[in-house]
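Engineer: For reference, this is start_20.txt, and it has compact mmCIF, C-alpha atoms.
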```txt
# COMPACT_ATOMS: atom_id res chain seq x y z
CA MET A 1 0.00 0.00 0.00
CA ARG A 2 2.71 2.38 1.07
CA LEU A 3 4.77 1.33 -1.89
CA PHE A 4 1.88 1.89 -4.25
CA LEU A 5 1.30 5.34 -2.88
CA LEU A 6 4.96 6.16 -3.19
CA ILE A 7 5.16 5.10 -6.80
CA PHE A 8 1.92 6.87 -7.49
CA GLY A 9 3.21 9.99 -5.80
CA PHE A 10 6.45 9.81 -7.70
CA LEU A 11 4.61 9.44 -10.99
CA ILE A 12 2.37 12.35 -10.18
CA THR A 13 5.34 14.45 -9.17
CA SER A 14 7.11 13.83 -12.43
CA GLU A 15 3.86 14.07 -14.40
CA VAL A 16 2.87 17.44 -13.04
CA TYR A 17 6.41 18.70 -13.03
CA LEU A 18 6.02 21.06 -15.95
CA LEU A 19 2.56 22.17 -14.93
CA ALA A 20 3.45 22.65 -11.30
CA ALA A 21 6.44 24.82 -11.99
CA GLU A 22 4.20 27.20 -13.77
CA ALA A 23 1.35 26.76 -11.27
CA GLY A 24 3.63 27.98 -8.48
CA MET A 25 5.54 25.17 -6.80
CA PRO A 26 8.96 26.79 -6.58
CA GLN A 27 10.42 23.43 -5.53
CA LEU A 28 9.94 22.15 -9.07
CA ASP A 29 11.61 25.09 -10.73
CA PRO A 30 15.03 23.75 -11.75
CA THR A 31 16.75 27.14 -12.03
CA TYR A 32 18.55 26.87 -8.68
CA TRP A 33 18.68 23.08 -8.29
CA ALA A 34 22.36 22.98 -9.11
CA SER A 35 23.03 25.84 -6.74
CA GLN A 36 21.10 24.18 -3.92
CA GLY A 37 22.88 20.91 -4.50
CA PHE A 38 26.27 22.60 -4.62
CA TRP A 39 25.76 24.61 -1.46
CA LEU A 40 24.14 21.67 0.37
CA ILE A 41 27.08 19.41 -0.39
CA LEU A 42 29.60 22.12 0.49
CA ILE A 43 27.97 23.21 3.72
CA PHE A 44 27.06 19.70 4.86
CA THR A 45 30.59 18.49 4.20
CA LEU A 46 32.02 21.37 6.21
CA LEU A 47 29.51 20.74 8.99
CA TYR A 48 30.35 17.03 8.97
CA LEU A 49 34.06 17.78 9.21
CA ALA A 50 33.56 20.31 11.99
CA LEU A 51 31.35 17.97 14.00
CA SER A 52 33.35 14.79 13.50
CA LYS A 53 36.79 16.34 14.02
CA LEU A 54 36.03 18.97 16.60
CA PHE A 55 32.81 18.79 18.52
CA ILE A 56 31.94 15.09 18.73
CA PRO A 57 35.31 14.14 20.26
CA LYS A 58 34.90 16.98 22.75
CA ILE A 59 31.43 15.88 23.81
CA LYS A 60 32.52 12.25 23.96
CA ASN A 61 35.53 13.25 26.01
CA SER A 62 33.42 15.14 28.48
CA ILE A 63 30.88 12.33 28.83
CA ASP A 64 33.63 9.73 29.20
CA ASP A 65 35.41 11.84 31.78
CA ARG A 66 32.25 12.13 33.81
CA GLU A 67 31.61 8.41 33.60
CA ASN A 68 35.19 7.64 34.59
CA ARG A 69 34.98 10.06 37.46
CA ILE A 70 31.78 8.48 38.69
CA LYS A 71 33.29 5.02 38.31
CA ASP A 72 36.44 6.08 40.17
CA ASP A 73 34.39 7.62 42.93
CA LEU A 74 32.33 4.47 43.24
CA ASP A 75 35.48 2.36 43.31
CA GLU A 76 36.97 4.56 45.99
CA ALA A 77 33.79 4.39 48.00
CA GLN A 78 33.89 0.61 47.71
CA LYS A 79 37.50 0.59 48.87
CA LEU A 80 36.74 2.85 51.79
CA LYS A 81 33.79 0.68 52.69
CA GLU A 82 36.04 -2.38 52.74
CA VAL A 83 38.58 -0.58 54.89
CA ALA A 84 35.83 0.52 57.24
CA GLU A 85 34.52 -3.02 57.45
CA ALA A 86 38.00 -4.35 58.20
CA LYS A 87 38.40 -1.72 60.90
CA LEU A 88 35.04 -2.64 62.34
CA LYS A 89 36.08 -6.30 62.44
CA GLU A 90 39.35 -5.37 64.14
CA TYR A 91 37.48 -3.28 66.61
CA GLU A 92 35.05 -6.08 67.33
CA ILE A 93 37.90 -8.53 67.81
CA SER A 94 39.66 -6.16 70.19
CA ILE A 95 36.43 -5.69 72.12
CA GLU A 96 36.05 -9.45 72.27
CA ASN A 97 39.63 -9.80 73.54
CA ALA A 98 39.11 -7.03 76.05
CA LYS A 99 36.00 -8.78 77.30
CA LYS A 100 37.93 -12.02 77.67
CA ASP A 101 40.73 -10.17 79.50
CA VAL A 102 38.23 -8.55 81.79
CA GLN A 103 36.73 -11.94 82.52
CA LYS A 104 40.15 -13.33 83.23
CA ILE A 105 41.21 -10.44 85.42
CA LEU A 106 37.96 -10.59 87.29
CA PHE A 107 38.37 -14.31 87.86
CA GLU A 108 41.96 -13.95 88.97
CA SER A 109 41.33 -11.09 91.30
CA LYS A 110 38.35 -12.90 92.71
CA ASN A 111 40.49 -15.94 93.39
CA LYS A 112 43.25 -13.82 94.87
CA LEU A 113 40.84 -11.94 97.02
CA ASN A 114 39.23 -15.15 98.15
CA SER A 115 42.51 -16.70 99.10
CA GLU A 116 43.62 -13.53 100.86
CA ILE A 117 40.37 -13.36 102.71
CA GLN A 118 40.79 -16.98 103.62
CA ASN A 119 44.32 -16.35 104.87
CA LYS A 120 43.34 -13.27 106.82
CA LYS A 121 40.44 -15.14 108.27
CA LYS A 122 42.74 -17.94 109.38
CA THR A 123 45.26 -15.60 110.94
CA PHE A 124 42.51 -13.67 112.63
CA GLU A 125 40.97 -16.85 113.88
CA LYS A 126 44.33 -17.96 115.23
CA GLU A 127 44.88 -14.62 116.90
CA ILE A 128 41.41 -14.69 118.30
CA GLU A 129 41.97 -18.20 119.62
CA THR A 130 45.20 -17.25 121.29
CA GLU A 131 43.55 -14.18 122.69
CA ILE A 132 40.70 -16.27 123.96
CA GLU A 133 43.13 -18.74 125.43
CA ASN A 134 45.07 -15.98 127.12
CA ALA A 135 41.89 -14.45 128.37
CA GLU A 136 40.74 -17.80 129.65
CA LYS A 137 44.07 -18.32 131.35
CA GLU A 138 43.86 -14.91 132.90
CA ILE A 139 40.33 -15.59 134.02
CA GLU A 140 41.49 -18.91 135.43
CA SER A 141 44.30 -17.23 137.34
CA PHE A 142 41.92 -14.51 138.42
CA LYS A 143 39.59 -17.17 139.63
CA LYS A 144 42.32 -18.86 141.61
CA ASP A 145 43.57 -15.57 142.97
CA SER A 146 40.14 -14.35 143.78
CA LEU A 147 39.34 -17.66 145.47
CA GLU A 148 42.43 -17.41 147.59
CA SER A 149 41.83 -13.82 148.43
CA ILE A 150 38.17 -14.53 149.14
CA SER A 151 39.23 -17.31 151.49
CA LYS A 152 41.74 -15.06 153.19
CA ILE A 153 39.30 -12.19 153.48
CA SER A 154 36.63 -14.56 154.74
CA GLU A 155 39.06 -16.00 157.31
CA GLU A 156 40.03 -12.58 158.46
CA ILE A 157 36.41 -11.40 158.61
CA THR A 158 35.37 -14.60 160.38
CA SER A 159 38.17 -14.38 162.94
CA LYS A 160 37.45 -10.70 163.52
CA ILE A 161 33.71 -11.35 163.94
CA ILE A 162 34.43 -14.21 166.35
CA GLU A 163 36.93 -12.03 168.27
CA ASN A 164 34.41 -9.25 168.52
CA ILE A 165 31.65 -11.60 169.66
CA SER A 166 33.66 -13.78 172.05
CA GLY A 167 36.31 -11.25 172.99
CA GLU A 168 39.22 -13.60 172.48
CA PRO A 169 41.04 -14.77 169.38
CA MET A 170 40.14 -18.06 167.83
CA ASN A 171 42.47 -20.74 166.80
CA GLN A 172 43.52 -19.66 163.35
CA SER A 173 43.74 -23.07 161.76
CA SER A 174 40.26 -24.16 162.84
CA VAL A 175 38.81 -20.94 161.45
CA LYS A 176 40.65 -21.55 158.28
CA ALA A 177 39.34 -25.07 157.98
CA THR A 178 35.72 -24.02 158.53
CA VAL A 179 35.93 -21.14 156.06
CA GLN A 180 37.56 -23.35 153.54
CA GLU A 181 34.82 -25.82 153.93
CA SER A 182 32.01 -23.29 153.48
CA VAL A 183 33.84 -21.63 150.58
CA LYS A 184 34.11 -24.96 148.86
CA LYS A 185 30.47 -25.56 149.46
CA ASN A 186 29.25 -22.20 148.12
CA ILE A 187 31.83 -21.18 145.61
CA GLY A 188 30.09 -23.10 142.82
CA LYS A 189 27.16 -20.71 143.02
CA TYR A 190 29.31 -17.71 141.98
CA LEU A 191 31.98 -19.02 139.76
CA MET B 1 4.63 39.37 1.57
CA ALA B 2 2.81 37.82 -1.29
CA THR B 3 -0.56 36.23 -0.64
CA ASN B 4 0.42 33.12 -2.52
CA PRO B 5 1.17 30.49 0.15
CA MET B 6 3.78 28.91 -2.09
CA GLN B 7 5.70 32.16 -2.34
CA GLN B 8 7.63 31.35 0.82
CA PHE B 9 9.36 28.46 -0.96
CA SER B 10 10.74 30.53 -3.80
CA VAL B 11 14.49 30.62 -4.11
CA HIS B 12 16.17 33.81 -5.12
CA ARG B 13 19.72 34.85 -5.59
CA ILE B 14 21.57 36.84 -2.94
CA GLY B 15 24.62 38.72 -4.05
CA PRO B 16 26.45 38.27 -7.34
CA GLU B 17 25.70 35.60 -9.86
CA ILE B 18 28.18 32.73 -9.76
CA LYS B 19 28.39 30.67 -12.92
CA ILE B 20 30.78 27.80 -13.29
CA ALA B 21 30.87 26.03 -16.65
CA GLY B 22 27.52 27.45 -17.54
CA ILE B 23 25.86 26.14 -14.34
CA ASP B 24 24.29 28.68 -12.01
CA LEU B 25 25.76 28.14 -8.54
CA SER B 26 24.74 31.48 -7.08
CA PHE B 27 24.40 31.98 -3.36
CA THR B 28 20.65 31.95 -2.65
CA ASN B 29 18.40 32.33 0.35
CA ALA B 30 18.38 28.51 0.53
CA SER B 31 22.17 28.52 0.77
CA LEU B 32 21.95 31.25 3.40
CA PHE B 33 19.70 29.18 5.62
CA MET B 34 21.83 26.07 5.15
CA LEU B 35 24.80 28.13 6.24
CA LEU B 36 22.85 29.62 9.15
CA SER B 37 21.76 26.15 10.33
CA ALA B 38 25.33 24.91 10.19
CA LEU B 39 26.56 27.99 12.03
CA VAL B 40 23.88 27.69 14.72
CA ILE B 41 24.73 24.02 15.21
CA CYS B 42 28.42 24.91 15.52
CA ALA B 43 27.63 27.78 17.88
CA VAL B 44 25.50 25.61 20.16
CA LEU B 45 28.08 22.85 20.22
CA TYR B 46 30.93 25.32 20.62
CA LEU B 47 29.31 26.96 23.62
CA GLY B 48 28.32 23.54 24.91
CA THR B 49 31.85 22.20 24.79
CA LYS B 50 33.77 25.35 25.62
CA GLU B 51 34.33 24.40 29.22
CA LYS B 52 34.31 20.78 30.17
CA LYS B 53 32.41 20.73 33.41
CA LEU B 54 31.75 17.76 35.65
CA ILE B 55 28.29 19.13 36.27
CA PRO B 56 27.15 20.43 32.88
CA ASP B 57 25.49 23.79 32.33
CA LYS B 58 22.46 24.11 30.06
CA LEU B 59 24.23 24.24 26.70
CA GLN B 60 26.64 21.49 27.63
CA LEU B 61 23.67 19.43 28.73
CA ILE B 62 21.94 20.07 25.41
CA SER B 63 24.93 18.96 23.36
CA GLU B 64 25.38 15.91 25.55
CA LEU B 65 21.69 15.11 25.24
CA PHE B 66 21.94 15.27 21.45
CA TYR B 67 24.99 13.07 21.56
CA ASN B 68 23.41 10.46 23.82
CA PHE B 69 20.15 10.58 21.88
CA ILE B 70 21.84 9.78 18.57
CA ALA B 71 24.23 7.29 20.15
CA LYS B 72 21.32 5.39 21.68
CA MET B 73 19.34 5.54 18.45
CA ILE B 74 22.22 4.07 16.47
CA SER B 75 23.01 1.32 18.96
CA ASP B 76 19.32 0.40 19.24
CA THR B 77 18.61 0.20 15.53
CA ALA B 78 21.92 -0.67 13.87
CA GLY B 79 23.96 -2.22 16.66
CA SER B 80 27.57 -1.69 17.59
CA LYS B 81 28.86 -2.17 14.02
CA ALA B 82 27.38 1.20 13.07
CA LYS B 83 29.63 3.12 15.45
CA PRO B 84 31.97 4.47 12.74
CA TYR B 85 28.96 6.11 11.08
CA PHE B 86 27.99 7.99 14.22
CA PRO B 87 29.45 11.37 13.11
CA PHE B 88 27.57 11.20 9.82
CA ILE B 89 24.21 10.31 11.39
CA PHE B 90 24.78 12.93 14.08
CA SER B 91 25.56 15.63 11.49
CA LEU B 92 22.61 14.55 9.39
CA PHE B 93 20.18 14.68 12.30
CA MET B 94 21.49 18.01 13.54
CA PHE B 95 21.42 19.53 10.06
CA VAL B 96 17.88 18.41 9.26
CA LEU B 97 16.65 19.34 12.73
CA PHE B 98 18.14 22.83 12.67
CA CYS B 99 17.00 23.48 9.09
CA ASN B 100 13.48 22.45 10.09
CA MET B 101 13.58 24.51 13.28
CA LEU B 102 15.03 27.62 11.65
CA GLY B 103 12.29 27.27 9.06
CA MET B 104 9.78 27.72 11.86
CA LEU B 105 10.90 31.31 12.37
CA PRO B 106 8.65 33.81 10.60
CA TYR B 107 10.03 35.15 7.27
CA SER B 108 12.69 32.47 7.23
CA PHE B 109 13.27 29.88 4.57
CA THR B 110 12.92 26.13 5.12
CA VAL B 111 15.78 24.38 3.40
CA THR B 112 14.22 20.94 3.83
CA SER B 113 11.00 21.97 2.11
CA HIS B 114 12.78 21.59 -1.22
CA ILE B 115 12.64 18.19 -2.84
CA ILE B 116 16.02 18.67 -4.47
CA VAL B 117 17.72 19.10 -1.07
CA THR B 118 16.07 16.12 0.56
CA LEU B 119 16.53 14.04 -2.58
CA ILE B 120 20.26 14.71 -2.69
CA MET B 121 20.62 13.66 0.93
CA ALA B 122 18.45 10.58 0.44
CA VAL B 123 20.23 9.53 -2.75
CA PHE B 124 23.58 9.99 -1.06
CA ILE B 125 22.44 7.83 1.86
CA PHE B 126 21.01 5.25 -0.54
CA ILE B 127 24.19 4.98 -2.58
CA ALA B 128 26.40 4.97 0.50
CA VAL B 129 24.34 2.27 2.19
CA THR B 130 24.34 0.15 -0.97
CA ILE B 131 28.12 0.48 -1.32
CA ILE B 132 28.60 -0.40 2.36
CA GLY B 133 26.34 -3.42 1.93
CA PHE B 134 28.26 -4.73 -1.07
CA LEU B 135 31.60 -4.05 0.61
CA LYS B 136 30.60 -5.92 3.77
CA HIS B 137 28.81 -8.87 2.19
CA GLY B 138 29.87 -8.95 -1.47
CA PHE B 139 27.19 -10.39 -3.67
CA GLY B 140 25.70 -11.93 -0.55
CA TYR B 141 24.10 -8.53 -0.04
CA LEU B 142 21.60 -9.49 -2.76
CA LYS B 143 20.15 -11.99 -0.26
CA LEU B 144 18.43 -8.93 1.17
CA PHE B 145 15.93 -9.27 -1.67
CA VAL B 146 15.28 -12.94 -1.04
CA PRO B 147 13.67 -13.26 2.36
CA SER B 148 13.95 -16.67 4.01
CA GLY B 149 10.91 -18.71 4.95
CA VAL B 150 8.84 -17.64 1.94
CA PRO B 151 7.04 -20.33 -0.12
CA ALA B 152 8.80 -20.99 -3.44
CA VAL B 153 5.73 -20.00 -5.41
CA LEU B 154 5.70 -16.53 -3.95
CA LEU B 155 9.45 -16.05 -4.05
CA PRO B 156 9.72 -14.34 -7.48
CA LEU B 157 6.94 -11.95 -6.62
CA ILE B 158 8.34 -11.15 -3.19
CA THR B 159 11.80 -10.62 -4.63
CA VAL B 160 10.47 -8.17 -7.20
CA ILE B 161 8.56 -6.32 -4.49
CA GLU B 162 11.65 -6.24 -2.27
CA ILE B 163 13.77 -4.83 -5.09
CA ILE B 164 11.21 -2.14 -5.88
CA SER B 165 10.86 -1.30 -2.21
CA TYR B 166 14.63 -1.06 -1.89
CA LEU B 167 14.93 1.16 -4.94
CA SER B 168 12.12 3.42 -3.77
CA ARG B 169 13.91 4.09 -0.49
CA PRO B 170 15.53 7.37 -1.58
CA VAL B 171 12.21 8.57 -2.97
CA SER B 172 10.25 7.71 0.17
CA LEU B 173 12.92 9.13 2.42
CA SER B 174 13.17 12.43 0.56
CA VAL B 175 9.48 12.86 -0.24
CA ARG B 176 8.51 12.19 3.38
CA LEU B 177 10.64 15.03 4.69
CA PHE B 178 9.97 17.42 1.84
CA ALA B 179 6.20 16.85 1.80
CA ASN B 180 5.87 17.17 5.56
CA MET B 181 7.76 20.43 5.67
CA MET B 182 6.06 21.89 2.61
CA ALA B 183 2.55 20.90 3.69
CA GLY B 184 3.02 22.22 7.19
CA HIS B 185 4.41 25.54 6.08
CA THR B 186 1.75 25.94 3.40
CA MET B 187 -0.97 25.28 5.96
CA LEU B 188 0.53 27.85 8.32
CA LYS B 189 0.61 30.35 5.52
CA VAL B 190 -2.95 29.59 4.41
CA PHE B 191 -4.31 29.99 7.92
CA GLY B 192 -2.22 33.13 8.36
CA GLY B 193 -3.88 34.48 5.21
CA PHE B 194 -7.34 33.61 6.61
CA VAL B 195 -6.60 35.66 9.73
CA ILE B 196 -6.05 38.72 7.57
CA SER B 197 -8.91 38.13 5.16
CA LEU B 198 -11.48 37.40 7.90
CA GLY B 199 -10.43 40.50 9.81
CA MET B 200 -11.08 41.41 13.46
CA LEU B 201 -14.41 39.59 13.63
CA GLY B 202 -13.70 36.22 12.11
CA GLY B 203 -9.95 36.09 12.28
CA TRP B 204 -9.68 34.70 15.78
CA LEU B 205 -10.58 31.15 14.84
CA PRO B 206 -7.88 30.72 12.19
CA LEU B 207 -5.46 32.58 14.47
CA SER B 208 -5.98 30.11 17.30
CA PHE B 209 -5.74 27.31 14.78
CA SER B 210 -2.52 28.83 13.51
CA VAL B 211 -1.07 28.90 17.02
CA ALA B 212 -1.95 25.25 17.56
CA LEU B 213 -0.55 24.40 14.15
CA THR B 214 2.73 26.13 14.99
CA GLY B 215 3.10 23.84 17.99
CA LEU B 216 2.30 20.86 15.83
CA GLU B 217 4.80 22.01 13.21
CA ILE B 218 7.55 22.27 15.78
CA LEU B 219 6.77 18.71 16.78
CA VAL B 220 6.78 17.66 13.12
CA ALA B 221 10.06 19.47 12.56
CA PHE B 222 11.66 17.43 15.32
CA LEU B 223 9.89 14.23 14.38
CA GLN B 224 10.86 14.39 10.71
CA ALA B 225 14.49 14.97 11.60
CA TYR B 226 14.27 11.98 13.93
CA VAL B 227 12.54 9.84 11.30
CA PHE B 228 15.09 10.82 8.68
CA ALA B 229 17.93 9.84 11.00
CA ILE B 230 16.34 6.65 12.25
CA LEU B 231 15.49 5.46 8.72
CA THR B 232 19.09 6.07 7.76
CA CYS B 233 20.08 3.91 10.74
CA ILE B 234 17.66 1.18 9.65
CA TYR B 235 19.02 1.17 6.10
CA LEU B 236 22.51 1.07 7.54
CA ASN B 237 21.45 -1.83 9.72
CA ASP B 238 20.31 -3.74 6.62
CA ALA B 239 23.67 -3.09 5.01
CA LEU B 240 25.72 -4.01 8.08
CA ASN B 241 23.81 -6.90 9.57
CA LEU B 242 21.79 -8.32 6.64
CA HIS B 243 19.06 -9.73 8.81
CA HIS B 244 16.50 -10.93 6.29
```
Spit out the file's structure as structure tokens when you get a sec.
Structural biologist:
Amino acid sequence: MRLFLLIFGFLITSEVYLLAAEAGMPQLDPTYWASQGFWLILIFTLLYLALSKLFIPKIKNSIDDRENRIKDDLDEAQKLKEVAEAKLKEYEISIENAKKDVQKILFESKNKLNSEIQNKKKTFEKEIETEIENAEKEIESFKKDSLESISKISEEITSKIIENISGEPMNQSSVKATVQESVKKNIGKYL
Amino acid sequence: MATNPMQQFSVHRIGPEIKIAGIDLSFTNASLFMLLSALVICAVLYLGTKEKKLIPDKLQLISELFYNFIAKMISDTAGSKAKPYFPFIFSLFMFVLFCNMLGMLPYSFTVTSHIIVTLIMAVFIFIAVTIIGFLKHGFGYLKLFVPSGVPAVLLPLITVIEIISYLSRPVSLSVRLFANMMAGHTMLKVFGGFVISLGMLGGWLPLSFSVALTGLEILVAFLQAYVFAILTCIYLNDALNLHH
């Protein structure tokens, strides 16, 4: 269909050529055909040379430069990203190590503290025991002393009371024996 | 201006008469507008490439857009083998586009509205493509006229049709551009004439139509340049890749 129309159109164009030129289609007036062809070829050739030698390489250059720049930037960003990731890993590992160290140090110091506490406790306990022993010994000696002095004082008081009541001194040894006996009987109540 | 709507297409001599071997090669208004188009193209591209900026300014963006547009068109239609022909297609597109666009200015002359101009370009493309085809494929290029997968009975007929269609390429290519430009400009002129003849009362309708038509013509101006370039790419594709 298109083909038919084209051929038809072409036929008509050539058919009406002579008529049309007179009827006012300046396109079909051949006076300046050669001139148009000449100038078209000349100007288009010059334009082609200017574009292909001068402007197209420039535009291509600029586009390529931009693409390269973008590519380089992307590459650099990728590199930096990798470095950052490596650093992050390092950092994580160091944190992990630090945590382990802390665990270790904590454990060690705990153990050390425990053993120290244990030692101190033992020494303190020993000291306390000796102290207690000493104190007990002292108390024991006090007891003995106080018993003796109590007996003496009681003897003296008893002999004095008897002297005051009877008016004459009692036999010391018998007083002593009686007091001793009563002391022995009652001393358990107080000591 | 003359009232005849075809008057705008008349070619007249500017400056002295130049005759070489009896042929009139005088500088005409057609030559002037060819030269102007070429100069405007060079000016735009010169300003667009003057400073190479990472972030382009408007003119640089325009030249890069043209470049990418044509580059994409060529790679889409003719593949990577057509790369060496990029400067030619680019020049062709720019030349036709700027001739069409300059023709849209009032009182200007539309170079591409002359059949002789479009025919010379189309015939050049036709001959060039045919030569490229024979250089690339030898006589194998004639296989273009014998499509595969056609029943043997129809083959002679199809081959004849293919040959005629191939030979009519320069005509269709040139007439398409020429007719579009001429028809559009004639219509603009006719409606412009109506505005005057209908006067203040009735002239508004053709005026508004004229405005709409101007927009349409700008679209056509771009579209025809694009079609001219893309058809060249398609013919080139036939010559380079022989895909029948």
Engineer: Please find the residues of chain A near chain B - the criterion being any atom within 8 Å, counting all atoms listed in the file - and write them as a PyMOL selection string.
Structural biologist: chain A and resi 3+6-7+10+24-28+31-40+43-44+47-48+50-52+55-56+58-60+62-63+65-66
Engineer: Give as an NGL selection string every residue, naming chains and numbers as the document does, that has an atom within 10 Å of (38.6, -19.9, 164.8), counting all atoms listed in the file.
Structural biologist: :A and (155-156 or 158-163 or 168-179)
Engineer: To one decimal in Å, tell me the separation between CA of Ile62 (chain B) and CA of Leu219 (chain B).
Structural biologist: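 Here the two named atoms are 17.5 Å from each other.
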Engineer: What's around Gly103 (chain B) at 9 Å? Count all atoms listed in the file, leave out sequence neighbours fewer than 6 positions away in its own chain, and write the answer as number ranges by chain.
Structural biologist: B: 33, 109-113, 181, 185, 221
Engineer: As an exercise, work out the distance from CA of Gly140 (chain B) to CA of Asn237 (chain B) in Å and give it to one decimal place.
Structural biologist: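 So the two atoms, CA of Gly140 (chain B) and CA of Asn237 (chain B), lie 15.0 Å apart.
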Engineer: What does the distance from CA of Lys137 (chain A) to CA of Glu181 (chain A) come to in Å, to one decimal?
Structural biologist: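 Between these atoms lies a distance of 25.5 Å.
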Engineer: Which of these, B:Val195, B:Leu240, B:Leu223, B:Ala152, has the shortest distance to Lys81 (chain B) once you count only C-alpha atoms?
Structural biologist: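 Using only C-alpha atoms, Lys81 (chain B) sits closest to B:Leu240.
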Engineer: Return region 94-105 of chain B, completed with N, CA, C and O atoms, as an mmCIF file, in the frame of the given file.
Structural biologist:
```cif
data_model
loop_
_atom_site.group_PDB
_atom_site.id
_atom_site.type_symbol
_atom_site.label_atom_id
_atom_site.label_comp_id
_atom_site.auth_asym_id
_atom_site.auth_seq_id
_atom_site.Cartn_x
_atom_site.Cartn_y
_atom_site.Cartn_z
ATOM 1 N N MET B 94 21.389 16.616 13.092
ATOM 2 C CA MET B 94 21.490 18.010 13.540
ATOM 3 C C MET B 94 21.154 18.962 12.395
ATOM 4 O O MET B 94 20.425 19.943 12.569
ATOM 5 N N PHE B 95 21.651 18.646 11.200
ATOM 6 C CA PHE B 95 21.420 19.530 10.060
ATOM 7 C C PHE B 95 19.933 19.597 9.714
ATOM 8 O O PHE B 95 19.353 20.690 9.602
ATOM 9 N N VAL B 96 19.314 18.439 9.601
ATOM 10 C CA VAL B 96 17.880 18.410 9.260
ATOM 11 C C VAL B 96 17.070 19.085 10.366
ATOM 12 O O VAL B 96 16.189 19.906 10.096
ATOM 13 N N LEU B 97 17.403 18.749 11.611
ATOM 14 C CA LEU B 97 16.650 19.340 12.730
ATOM 15 C C LEU B 97 16.754 20.856 12.726
ATOM 16 O O LEU B 97 15.749 21.566 12.856
ATOM 17 N N PHE B 98 17.978 21.370 12.577
ATOM 18 C CA PHE B 98 18.140 22.830 12.670
ATOM 19 C C PHE B 98 17.576 23.528 11.439
ATOM 20 O O PHE B 98 17.061 24.642 11.548
ATOM 21 N N CYS B 99 17.647 22.882 10.273
ATOM 22 C CA CYS B 99 17.000 23.480 9.090
ATOM 23 C C CYS B 99 15.497 23.556 9.315
ATOM 24 O O CYS B 99 14.865 24.588 9.046
ATOM 25 N N ASN B 100 14.921 22.448 9.828
ATOM 26 C CA ASN B 100 13.480 22.450 10.090
ATOM 27 C C ASN B 100 13.109 23.526 11.105
ATOM 28 O O ASN B 100 12.136 24.250 10.953
ATOM 29 N N MET B 101 13.914 23.595 12.189
ATOM 30 C CA MET B 101 13.580 24.510 13.280
ATOM 31 C C MET B 101 13.755 25.969 12.856
ATOM 32 O O MET B 101 12.925 26.818 13.183
ATOM 33 N N LEU B 102 14.829 26.246 12.125
ATOM 34 C CA LEU B 102 15.030 27.620 11.650
ATOM 35 C C LEU B 102 13.911 28.004 10.690
ATOM 36 O O LEU B 102 13.496 29.167 10.639
ATOM 37 N N GLY B 103 13.404 27.011 9.964
ATOM 38 C CA GLY B 103 12.290 27.270 9.060
ATOM 39 C C GLY B 103 11.020 27.663 9.789
ATOM 40 O O GLY B 103 10.115 28.263 9.196
ATOM 41 N N MET B 104 10.967 27.355 11.090
ATOM 42 C CA MET B 104 9.780 27.720 11.860
ATOM 43 C C MET B 104 9.752 29.204 12.213
ATOM 44 O O MET B 104 8.727 29.720 12.652
ATOM 45 N N LEU B 105 10.889 29.873 12.070
ATOM 46 C CA LEU B 105 10.900 31.310 12.370
ATOM 47 C C LEU B 105 10.159 32.061 11.265
ATOM 48 O O LEU B 105 10.315 31.733 10.081
#
```
